[in-house]
Amino acid sequence: MGVRTAWIGLGVMGYPMAGYLVSKGGHDVVVYNRTAAKAEKWVAEHGGSHALTPKQAAEGADFVFACVGNDDDLRSVTTGPDGAFQSMKDGAVFVDHTTASADVARELQAAAAAQGIGFVDAPVSGGQAGAENGALTVMCGGEQADYDRSEDLIGCFSKSCRLLGGPGAGQLAKMCNQIAIAGLVQGLSEAIHFGKNAGLDMEAVVDVISKGAAGSWQMENRYKTMIAGEFEFGFAVDWMRKDLGICLGEARNNKSHLPVAALVDQFYSRVQAMGGGRWDTSSLIALLDKDK
């Protein structure tokens, strides 16, 4: 039998993720979205009900999930006047899928613990396609008991889920993910740009090199659209810059050196200046082709 669940935030990720709690998990879900029309559409498609505030959505829920924009959005839907923490019952667990800072994860975990509720920071990787296919990778931080209770529900929309440490560890792991991706996309952009200028059939080249040490998810899933100069797929540049800003801020705190991530962040700022803020992250190649 399903458990009573609330979901806050029905963007391109949250909308299908919440749907899997119903279609795969069989759970009773109450949704909240800042734009009520989106919540109404979700209910028409999946059933359940929608609430007017996060506080209302969370009333009586055993688990409350969120996937919103940034630290300030997250604080608003948790500890704000109409936030979920205002009505969550003792023993309930808040699972946050927002990509946010480790600091806000620790802050909210402490606030939750003071109220007798659990908190798991659980950012995801896999993009819109991963969310729509229920095949996300989820990186978690928090207390073991809270994670153990949440794991089956997270499994409704993920292919891999793991607790990586205490509060904030999930967000730190997501930073590692974004740092690695930034360098990969720049390297792939340079390889395709170089090969095209050299007169090579880059689809044939990538078909070969993707089977060797150069292969990556980015290569397999983005090379064709990069060659074609099409960037309307996947994770947006604006979102990546937000994430890299979080990475670079944390690096200053823990004295890490991220020269490639910092450089790629500058490149993405140039993509934004070209009007490509909503292009996907593979649009780094547009800078190289533009400067040819």
# chains A, B, ... in the order shown; residues from 1 in each chain; ligands from 1
$ residues_around --residues "Thr98 (chain A)" --least-positions-apart "2" --cutoff "9 Å" --atoms "only C-alpha atoms" --output "number ranges by chain"
A: 66-71, 74, 96, 100, 121-124, 171
$ write_last_selection --atoms "N, CA, C and O atoms" --output "PDB file, in the first residue's frame"
ATOM      1  N   ALA A  66      11.189  17.559  -2.756  1.00  0.00           N
ATOM      2  CA  ALA A  66      11.269  18.864  -3.403  1.00  0.00           C
ATOM      3  C   ALA A  66      12.295  18.829  -4.518  1.00  0.00           C
ATOM      4  O   ALA A  66      13.320  18.137  -4.434  1.00  0.00           O
ATOM      5  N   CYS A  67      12.013  19.596  -5.562  1.00  0.00           N
ATOM      6  CA  CYS A  67      12.965  19.800  -6.647  1.00  0.00           C
ATOM      7  C   CYS A  67      12.707  21.212  -7.170  1.00  0.00           C
ATOM      8  O   CYS A  67      11.852  21.416  -8.035  1.00  0.00           O
ATOM      9  N   VAL A  68      13.435  22.175  -6.598  1.00  0.00           N
ATOM     10  CA  VAL A  68      13.217  23.576  -6.932  1.00  0.00           C
ATOM     11  C   VAL A  68      14.507  24.178  -7.497  1.00  0.00           C
ATOM     12  O   VAL A  68      15.413  23.445  -7.913  1.00  0.00           O
ATOM     13  N   GLY A  69      14.608  25.517  -7.528  1.00  0.00           N
ATOM     14  CA  GLY A  69      15.665  26.133  -8.304  1.00  0.00           C
ATOM     15  C   GLY A  69      17.008  26.319  -7.624  1.00  0.00           C
ATOM     16  O   GLY A  69      18.046  25.969  -8.180  1.00  0.00           O
ATOM     17  N   ASN A  70      17.015  26.881  -6.408  1.00  0.00           N
ATOM     18  CA  ASN A  70      18.284  27.241  -5.773  1.00  0.00           C
ATOM     19  C   ASN A  70      18.115  27.303  -4.261  1.00  0.00           C
ATOM     20  O   ASN A  70      17.052  26.964  -3.724  1.00  0.00           O
ATOM     21  N   ASP A  71      19.158  27.755  -3.564  1.00  0.00           N
ATOM     22  CA  ASP A  71      19.134  27.797  -2.099  1.00  0.00           C
ATOM     23  C   ASP A  71      17.961  28.611  -1.570  1.00  0.00           C
ATOM     24  O   ASP A  71      17.266  28.198  -0.626  1.00  0.00           O
ATOM     25  N   LEU A  74      14.693  26.907  -2.002  1.00  0.00           N
ATOM     26  CA  LEU A  74      14.597  25.782  -1.074  1.00  0.00           C
ATOM     27  C   LEU A  74      14.244  26.259   0.330  1.00  0.00           C
ATOM     28  O   LEU A  74      13.382  25.670   1.004  1.00  0.00           O
ATOM     29  N   ASP A  96      15.304  16.237  -0.529  1.00  0.00           N
ATOM     30  CA  ASP A  96      15.509  17.375  -1.422  1.00  0.00           C
ATOM     31  C   ASP A  96      16.334  16.989  -2.639  1.00  0.00           C
ATOM     32  O   ASP A  96      17.500  16.620  -2.517  1.00  0.00           O
ATOM     33  N   ALA A 100      21.778  22.290  -4.916  1.00  0.00           N
ATOM     34  CA  ALA A 100      21.961  23.463  -4.073  1.00  0.00           C
ATOM     35  C   ALA A 100      23.320  23.368  -3.387  1.00  0.00           C
ATOM     36  O   ALA A 100      24.125  22.481  -3.682  1.00  0.00           O
ATOM     37  N   ASP A 121      19.601  15.268   1.657  1.00  0.00           N
ATOM     38  CA  ASP A 121      19.928  16.007   0.433  1.00  0.00           C
ATOM     39  C   ASP A 121      20.242  14.974  -0.642  1.00  0.00           C
ATOM     40  O   ASP A 121      21.066  14.089  -0.445  1.00  0.00           O
ATOM     41  N   ALA A 122      19.555  15.097  -1.783  1.00  0.00           N
ATOM     42  CA  ALA A 122      19.585  14.027  -2.782  1.00  0.00           C
ATOM     43  C   ALA A 122      19.559  14.576  -4.202  1.00  0.00           C
ATOM     44  O   ALA A 122      18.645  14.268  -4.985  1.00  0.00           O
ATOM     45  N   PRO A 123      20.552  15.379  -4.592  1.00  0.00           N
ATOM     46  CA  PRO A 123      20.588  15.881  -5.968  1.00  0.00           C
ATOM     47  C   PRO A 123      20.725  14.732  -6.960  1.00  0.00           C
ATOM     48  O   PRO A 123      21.199  13.642  -6.613  1.00  0.00           O
ATOM     49  N   VAL A 124      20.322  15.012  -8.203  1.00  0.00           N
ATOM     50  CA  VAL A 124      20.248  13.956  -9.209  1.00  0.00           C
ATOM     51  C   VAL A 124      21.098  14.287 -10.419  1.00  0.00           C
ATOM     52  O   VAL A 124      21.427  15.441 -10.691  1.00  0.00           O
ATOM     53  N   GLN A 171      25.122  16.874  -1.948  1.00  0.00           N
ATOM     54  CA  GLN A 171      25.421  18.077  -2.722  1.00  0.00           C
ATOM     55  C   GLN A 171      26.892  18.139  -3.124  1.00  0.00           C
ATOM     56  O   GLN A 171      27.221  18.557  -4.249  1.00  0.00           O
TER      57      GLN A 171
END
$ select_by_dssp --residues "region 77-169 of chain A" --states "alpha helix (DSSP H)" --output "ChimeraX atom specification"
/A:77-78,102-114,127-132,144-154,169
$ closest_residue --among "A:Ala251, A:Leu284, A:Ala113, A:Ala129" --to "Val12 (chain A)" --atoms "only C-alpha atoms"
A:Ala129
$ residues_around --residues "Leu288 (chain A)" --least-positions-apart "3" --cutoff "10 Å" --atoms "only C-alpha atoms" --output "MDAnalysis selection string"
chainID A and resid 186 189:190 192:194 267 283:285 291:292
$ write_last_selection --atoms "all heavy atoms" --output "CSV table (one decimal), in the first residue's frame"
chain,number,residue,atom,x,y,z
A,186,GLN,N,33.9,20.4,-22.7
A,186,GLN,CA,34.9,21.2,-23.4
A,186,GLN,C,35.8,20.4,-24.2
A,186,GLN,O,36.1,20.7,-25.4
A,186,GLN,CB,35.7,22.1,-22.4
A,186,GLN,CG,36.7,23.0,-23.0
A,186,GLN,CD,36.2,24.1,-23.9
A,186,GLN,OE1,35.0,24.4,-23.8
A,186,GLN,NE2,37.0,24.6,-24.8
A,189,SER,N,34.0,19.2,-27.3
A,189,SER,CA,33.8,20.3,-28.2
A,189,SER,C,35.0,20.6,-29.0
A,189,SER,O,35.0,20.8,-30.3
A,189,SER,CB,33.4,21.6,-27.4
A,189,SER,OG,32.2,21.5,-26.7
A,190,GLU,N,36.2,20.6,-28.4
A,190,GLU,CA,37.4,20.9,-29.1
A,190,GLU,C,37.7,19.8,-30.1
A,190,GLU,O,38.2,20.0,-31.2
A,190,GLU,CB,38.5,21.1,-28.1
A,190,GLU,CG,38.4,22.3,-27.2
A,190,GLU,CD,39.5,22.5,-26.3
A,190,GLU,OE1,40.6,21.9,-26.4
A,190,GLU,OE2,39.4,23.4,-25.3
A,192,ILE,N,35.6,17.8,-31.7
A,192,ILE,CA,34.7,17.8,-32.8
A,192,ILE,C,35.1,19.1,-33.7
A,192,ILE,O,35.1,19.0,-34.9
A,192,ILE,CB,33.2,17.9,-32.4
A,192,ILE,CG1,32.8,16.5,-31.7
A,192,ILE,CG2,32.3,18.2,-33.6
A,192,ILE,CD1,31.5,16.5,-31.1
A,193,HIS,N,35.3,20.2,-33.1
A,193,HIS,CA,35.7,21.4,-33.8
A,193,HIS,C,37.0,21.1,-34.6
A,193,HIS,O,37.1,21.5,-35.8
A,193,HIS,CB,35.9,22.5,-32.8
A,193,HIS,CG,36.5,23.8,-33.3
A,193,HIS,ND1,35.8,24.6,-34.1
A,193,HIS,CD2,37.8,24.3,-33.2
A,193,HIS,CE1,36.6,25.7,-34.5
A,193,HIS,NE2,37.8,25.5,-33.9
A,194,PHE,N,38.0,20.5,-34.0
A,194,PHE,CA,39.2,20.2,-34.7
A,194,PHE,C,39.0,19.3,-35.8
A,194,PHE,O,39.5,19.5,-37.0
A,194,PHE,CB,40.2,19.6,-33.7
A,194,PHE,CG,41.5,19.1,-34.3
A,194,PHE,CD1,42.6,19.9,-34.5
A,194,PHE,CD2,41.6,17.7,-34.6
A,194,PHE,CE1,43.7,19.4,-35.1
A,194,PHE,CE2,42.7,17.2,-35.2
A,194,PHE,CZ,43.8,18.1,-35.4
A,267,PHE,N,33.6,30.3,-20.2
A,267,PHE,CA,33.2,30.0,-21.6
A,267,PHE,C,31.6,30.0,-21.6
A,267,PHE,O,31.0,30.6,-22.6
A,267,PHE,CB,33.7,28.7,-22.0
A,267,PHE,CG,35.2,28.6,-22.2
A,267,PHE,CD1,35.8,27.4,-22.3
A,267,PHE,CD2,35.9,29.8,-22.4
A,267,PHE,CE1,37.2,27.3,-22.5
A,267,PHE,CE2,37.3,29.7,-22.7
A,267,PHE,CZ,37.9,28.5,-22.7
A,283,SER,N,26.6,23.3,-26.0
A,283,SER,CA,26.8,24.5,-26.9
A,283,SER,C,28.1,25.2,-26.7
A,283,SER,O,28.4,26.2,-27.4
A,283,SER,CB,25.7,25.5,-26.6
A,283,SER,OG,25.7,25.9,-25.2
A,284,LEU,N,29.0,24.7,-25.9
A,284,LEU,CA,30.4,25.2,-25.8
A,284,LEU,C,31.0,25.2,-27.2
A,284,LEU,O,31.9,26.0,-27.5
A,284,LEU,CB,31.2,24.3,-24.8
A,284,LEU,CG,31.0,24.6,-23.3
A,284,LEU,CD1,31.8,23.6,-22.5
A,284,LEU,CD2,31.4,26.0,-23.0
A,285,ILE,N,30.7,24.2,-28.0
A,285,ILE,CA,31.3,24.1,-29.3
A,285,ILE,C,30.9,25.3,-30.2
A,285,ILE,O,31.7,25.7,-31.1
A,285,ILE,CB,30.9,22.8,-30.1
A,285,ILE,CG1,31.8,22.6,-31.3
A,285,ILE,CG2,29.4,22.8,-30.4
A,285,ILE,CD1,31.6,21.2,-31.9
A,291,ASP,N,34.4,31.5,-33.4
A,291,ASP,CA,35.7,32.2,-33.5
A,291,ASP,C,36.6,31.6,-34.6
A,291,ASP,O,37.8,32.1,-34.7
A,291,ASP,CB,36.4,32.0,-32.1
A,291,ASP,CG,35.7,32.7,-31.0
A,291,ASP,OD1,34.9,33.7,-31.3
A,291,ASP,OD2,35.9,32.4,-29.8
A,292,LYS,N,36.1,30.7,-35.4
A,292,LYS,CA,36.9,30.1,-36.4
A,292,LYS,C,37.4,31.1,-37.4
A,292,LYS,O,36.7,32.0,-37.9
A,292,LYS,CB,36.1,29.0,-37.1
A,292,LYS,CG,36.9,28.2,-38.1
A,292,LYS,CD,36.2,27.0,-38.6
A,292,LYS,CE,34.9,27.3,-39.3
A,292,LYS,NZ,34.2,26.1,-39.9
$ residues_around --residues "Gly2 (chain A)" --least-positions-apart "4" --cutoff "8 Å" --atoms "only C-alpha atoms" --output "number ranges by chain"
A: 25-28
$ residues_around --residues "region 140-152 of chain A" --least-positions-apart "6" --cutoff "12 Å" --atoms "only C-alpha atoms" --output "PyMOL selection string"
chain A and resi 2-3+5+20-21+24-27+62-65+91-99+102+105-110+112-113+116-125+158-174
$ residues_around --residues "Ala131 (chain A)" --least-positions-apart "3" --cutoff "8 Å" --atoms "only C-alpha atoms" --output "PyMOL selection string"
chain A and resi 13-14+16-17+126-128+134-136+157-158
$ atom_distance --atom1 "CA of Val208 (chain A)" --atom2 "CA of Val237 (chain A)"
28.4 Å
$ select_by_dssp --residues "region 106-249 of chain A" --states "strand (DSSP E or B)" --output "number ranges by chain"
A: 118-121, 124-125, 136-141, 158-163, 236
